[in-house]
file upload.pdb (PDB, C-alpha atoms, pLDDT in the B column)
MODEL        1
ATOM      1  CA  MET A   1      10.040  54.123  42.433  1.00 83.00           C
ATOM      2  CA  GLN A   2       8.728  51.869  45.158  1.00 88.00           C
ATOM      3  CA  VAL A   3      10.344  49.450  47.615  1.00 89.00           C
ATOM      4  CA  LEU A   4       8.389  47.262  50.011  1.00 90.00           C
ATOM      5  CA  VAL A   5       9.669  46.853  53.578  1.00 91.00           C
ATOM      6  CA  ARG A   6       9.153  43.286  54.727  1.00 91.00           C
ATOM      7  CA  ASP A   7       9.434  42.056  58.321  1.00 92.00           C
ATOM      8  CA  ASN A   8      10.507  45.564  59.439  1.00 91.00           C
ATOM      9  CA  ASP A   9      13.843  45.056  57.651  1.00 92.00           C
ATOM     10  CA  VAL A  10      14.521  48.689  56.744  1.00 93.00           C
ATOM     11  CA  GLU A  11      18.241  48.110  56.100  1.00 94.00           C
ATOM     12  CA  LYS A  12      17.512  45.582  53.362  1.00 94.00           C
ATOM     13  CA  ALA A  13      14.873  47.865  51.847  1.00 94.00           C
ATOM     14  CA  LEU A  14      17.394  50.723  51.775  1.00 95.00           C
ATOM     15  CA  ARG A  15      19.965  48.526  49.993  1.00 95.00           C
ATOM     16  CA  ILE A  16      17.346  47.553  47.422  1.00 94.00           C
ATOM     17  CA  LEU A  17      16.324  51.207  46.952  1.00 95.00           C
ATOM     18  CA  LYS A  18      19.949  52.290  46.454  1.00 95.00           C
ATOM     19  CA  ARG A  19      20.476  49.515  43.898  1.00 95.00           C
ATOM     20  CA  LYS A  20      17.354  50.585  41.972  1.00 95.00           C
ATOM     21  CA  MET A  21      18.432  54.232  42.047  1.00 94.00           C
ATOM     22  CA  GLN A  22      21.896  53.258  40.819  1.00 95.00           C
ATOM     23  CA  ARG A  23      20.402  51.335  37.890  1.00 94.00           C
ATOM     24  CA  GLU A  24      18.146  54.242  36.972  1.00 94.00           C
ATOM     25  CA  GLY A  25      21.068  56.693  37.009  1.00 92.00           C
ATOM     26  CA  VAL A  26      19.659  58.903  39.768  1.00 94.00           C
ATOM     27  CA  PHE A  27      23.018  59.316  41.526  1.00 93.00           C
ATOM     28  CA  ARG A  28      24.774  60.184  38.259  1.00 90.00           C
ATOM     29  CA  GLU A  29      22.082  62.764  37.498  1.00 91.00           C
ATOM     30  CA  MET A  30      22.366  64.311  40.980  1.00 93.00           C
ATOM     31  CA  LYS A  31      26.132  64.584  40.649  1.00 92.00           C
ATOM     32  CA  ARG A  32      25.772  66.214  37.230  1.00 90.00           C
ATOM     33  CA  ARG A  33      23.281  68.801  38.504  1.00 92.00           C
ATOM     34  CA  ARG A  34      25.407  69.920  41.462  1.00 94.00           C
ATOM     35  CA  SER A  35      26.947  72.678  39.406  1.00 94.00           C
ATOM     36  CA  TYR A  36      26.144  74.532  36.221  1.00 94.00           C
ATOM     37  CA  GLU A  37      27.167  72.859  32.991  1.00 92.00           C
ATOM     38  CA  LYS A  38      27.892  75.120  30.045  1.00 95.00           C
ATOM     39  CA  PRO A  39      26.030  74.256  26.828  1.00 96.00           C
ATOM     40  CA  SER A  40      29.314  73.473  25.064  1.00 97.00           C
ATOM     41  CA  GLU A  41      30.336  71.085  27.900  1.00 94.00           C
ATOM     42  CA  ARG A  42      26.897  69.466  27.762  1.00 94.00           C
ATOM     43  CA  LYS A  43      27.180  68.947  24.022  1.00 97.00           C
ATOM     44  CA  THR A  44      30.652  67.408  24.412  1.00 97.00           C
ATOM     45  CA  ARG A  45      29.494  65.106  27.225  1.00 93.00           C
ATOM     46  CA  GLU A  46      26.412  63.948  25.338  1.00 95.00           C
ATOM     47  CA  LYS A  47      28.500  63.238  22.233  1.00 97.00           C
ATOM     48  CA  SER A  48      31.049  61.198  24.207  1.00 96.00           C
ATOM     49  CA  ASP A  49      28.211  59.315  25.952  1.00 94.00           C
ATOM     50  CA  ALA A  50      26.684  58.475  22.563  1.00 97.00           C
ATOM     51  CA  ILE A  51      30.061  57.244  21.271  1.00 98.00           C
ATOM     52  CA  ARG A  52      30.517  55.109  24.398  1.00 97.00           C
ATOM     53  CA  ARG A  53      27.033  53.582  24.001  1.00 97.00           C
ATOM     54  CA  HIS A  54      27.641  52.894  20.302  1.00 98.00           C
ATOM     55  CA  ARG A  55      30.969  51.179  21.040  1.00 97.00           C
ATOM     56  CA  LYS A  56      29.364  49.030  23.716  1.00 96.00           C
ATOM     57  CA  VAL A  57      26.588  47.912  21.343  1.00 97.00           C
ATOM     58  CA  ALA A  58      29.122  47.209  18.577  1.00 97.00           C
ATOM     59  CA  ARG A  59      31.336  45.201  20.985  1.00 96.00           C
ATOM     60  CA  LYS A  60      28.391  43.094  22.179  1.00 95.00           C
ATOM     61  CA  GLN A  61      27.304  42.492  18.569  1.00 96.00           C
ATOM     62  CA  ALA A  62      30.847  41.408  17.608  1.00 95.00           C
ATOM     63  CA  ILE A  63      30.934  38.992  20.561  1.00 94.00           C
ATOM     64  CA  ARG A  64      27.574  37.519  19.525  1.00 94.00           C
ATOM     65  CA  GLU A  65      28.802  37.070  15.947  1.00 94.00           C
ATOM     66  CA  GLY A  66      32.020  35.414  17.146  1.00 92.00           C
ATOM     67  CA  LEU A  67      34.327  38.140  15.865  1.00 93.00           C
ATOM     68  CA  LEU A  68      35.606  38.888  19.374  1.00 91.00           C
ATOM     69  CA  PRO A  69      36.233  36.447  22.228  1.00 92.00           C
ATOM     70  CA  ALA A  70      33.794  36.627  25.121  1.00 89.00           C
ATOM     71  CA  PRO A  71      35.233  38.267  28.251  1.00 88.00           C
ATOM     72  CA  VAL A  72      36.492  35.854  30.896  1.00 89.00           C
ATOM     73  CA  LYS A  73      34.398  35.969  34.050  1.00 86.00           C
ATOM     74  CA  LYS A  74      36.319  36.564  37.257  1.00 86.00           C
ATOM     75  CA  VAL A  75      36.057  33.910  39.957  1.00 84.00           C
ATOM     76  CA  LEU A  76      36.292  35.285  43.466  1.00 79.00           C
ATOM     77  CA  PRO A  77      38.583  33.236  45.726  1.00 82.00           C
ATOM     78  CA  GLY A  78      36.910  31.432  48.582  1.00 77.00           C
ATOM     79  CA  ARG A  79      33.488  31.308  46.950  1.00 66.00           C
ATOM     80  CA  PRO A  80      32.306  28.089  45.335  1.00 67.00           C
ATOM     81  CA  ARG A  81      31.042  28.520  41.797  1.00 64.00           C
ATOM     82  CA  ALA A  82      27.508  27.536  40.852  1.00 64.00           C
ATOM     83  CA  GLY A  83      27.311  23.848  39.999  1.00 63.00           C
ATOM     84  CA  MET A  84      30.736  23.127  41.466  1.00 61.00           C
ATOM     85  CA  PRO A  85      31.078  21.168  44.700  1.00 63.00           C
ATOM     86  CA  ALA A  86      32.734  23.082  47.497  1.00 59.00           C
ATOM     87  CA  SER A  87      36.229  21.819  48.310  1.00 57.00           C
ATOM     88  CA  PRO A  88      36.721  20.564  51.866  1.00 57.00           C
ATOM     89  CA  ALA A  89      38.385  22.961  54.285  1.00 56.00           C
ATOM     90  CA  GLY A  90      42.126  22.519  54.625  1.00 52.00           C
ATOM     91  CA  ALA A  91      42.524  20.783  51.270  1.00 53.00           C
ATOM     92  CA  ALA A  92      45.684  21.525  49.300  1.00 55.00           C
ATOM     93  CA  SER A  93      45.323  23.987  46.461  1.00 54.00           C
ATOM     94  CA  SER A  94      45.578  22.722  42.912  1.00 56.00           C
ATOM     95  CA  GLY A  95      48.155  25.369  41.945  1.00 54.00           C
ATOM     96  CA  PRO A  96      51.928  24.947  42.085  1.00 58.00           C
ATOM     97  CA  THR A  97      53.580  25.564  45.434  1.00 59.00           C
ATOM     98  CA  ARG A  98      57.058  26.748  46.360  1.00 59.00           C
ATOM     99  CA  ALA A  99      59.144  25.134  49.055  1.00 52.00           C
TER     100      ALA A  99
ENDMDL
END
call {"tool": "encode", "arguments": {"input": "upload.pdb", "output": "structure tokens"}}
result
Amino acid sequence: MQVLVRDNDVEKALRILKRKMQREGVFREMKRRRSYEKPSERKTREKSDAIRRHRKVARKQAIREGLLPAPVKKVLPGRPRAGMPASPAGAASSGPTRA
């Protein structure tokens, strides 16, 4: 794994490295190897991981085929969405208000 440090910005390079390691599962692997795992526990964990992966693939396939509704994306408050104009500061909210 390799991360380039640009303009001596080590903090940004570290964030990028951590993100890459997270995606690769390095932290999960390190946590798993901290202590001994019995063969029976390993077998159980691997089986449950396989079931979880299978369910995820089946759910995504069902969404693609239209059998399940697509999950609703969360919109963080205070952040303008892509393609939407930012509302002016101090403008009234569009939701109902109580007096």
call {"tool": "atom_distance", "arguments": {"input": "upload.pdb", "atom1": "CA of Ile63 (chain A)", "atom2": "CA of Arg45 (chain A)"}}
result
27.0 Å
call {"tool": "atom_distance", "arguments": {"input": "upload.pdb", "atom1": "CA of Lys12 (chain A)", "atom2": "CA of Met30 (chain A)"}}
result
23.0 Å
call {"tool": "atom_distance", "arguments": {"input": "upload.pdb", "atom1": "CA of Arg55 (chain A)", "atom2": "CA of Lys20 (chain A)"}}
result
25.0 Å
call {"tool": "axis_aligned_box", "arguments": {"input": "upload.pdb", "around": "region 38-42 of chain A", "padding_each_side": "6 Å", "output": "lines of an AutoDock Vina configuration file"}}
result
center_x = 28.2
center_y = 72.3
center_z = 27.6
size_x = 16.3
size_y = 17.7
size_z = 17.0
call {"tool": "decode", "arguments": {"input": "upload.pdb", "residues": "region 12-51 of chain A", "atoms": "C-alpha atoms", "output": "CSV table (one decimal), in the first residue's frame"}}
result
chain,number,residue,atom,x,y,z
A,12,LYS,CA,-3.8,14.5,4.8
A,13,ALA,CA,-1.6,11.6,3.7
A,14,LEU,CA,-2.3,9.9,7.1
A,15,ARG,CA,-6.1,10.3,6.6
A,16,ILE,CA,-5.8,8.8,3.1
A,17,LEU,CA,-3.7,5.9,4.4
A,18,LYS,CA,-6.2,5.2,7.2
A,19,ARG,CA,-9.1,5.2,4.7
A,20,LYS,CA,-7.2,2.8,2.4
A,21,MET,CA,-6.4,0.5,5.4
A,22,GLN,CA,-10.1,0.6,6.5
A,23,ARG,CA,-11.3,-0.4,3.0
A,24,GLU,CA,-8.8,-3.3,2.9
A,25,GLY,CA,-9.9,-4.6,6.2
A,26,VAL,CA,-6.5,-4.2,7.9
A,27,PHE,CA,-7.9,-2.8,11.2
A,28,ARG,CA,-10.5,-5.6,11.3
A,29,GLU,CA,-7.8,-8.2,10.8
A,30,MET,CA,-5.6,-6.7,13.5
A,31,LYS,CA,-8.4,-6.7,16.0
A,32,ARG,CA,-9.2,-10.4,15.1
A,33,ARG,CA,-5.6,-11.4,15.6
A,34,ARG,CA,-5.2,-9.8,19.1
A,35,SER,CA,-6.2,-13.0,20.8
A,36,TYR,CA,-6.4,-16.7,19.9
A,37,GLU,CA,-9.5,-17.8,18.1
A,38,LYS,CA,-10.5,-21.4,18.6
A,39,PRO,CA,-11.1,-23.4,15.3
A,40,SER,CA,-14.8,-23.8,16.2
A,41,GLU,CA,-15.2,-20.0,16.7
A,42,ARG,CA,-13.4,-19.4,13.5
A,43,LYS,CA,-15.7,-21.7,11.6
A,44,THR,CA,-18.8,-20.0,13.1
A,45,ARG,CA,-17.5,-16.6,12.3
A,46,GLU,CA,-16.6,-17.5,8.7
A,47,LYS,CA,-20.0,-19.1,8.2
A,48,SER,CA,-21.8,-16.0,9.6
A,49,ASP,CA,-19.6,-13.7,7.4
A,50,ALA,CA,-20.6,-15.8,4.3
A,51,ILE,CA,-24.3,-15.6,5.2
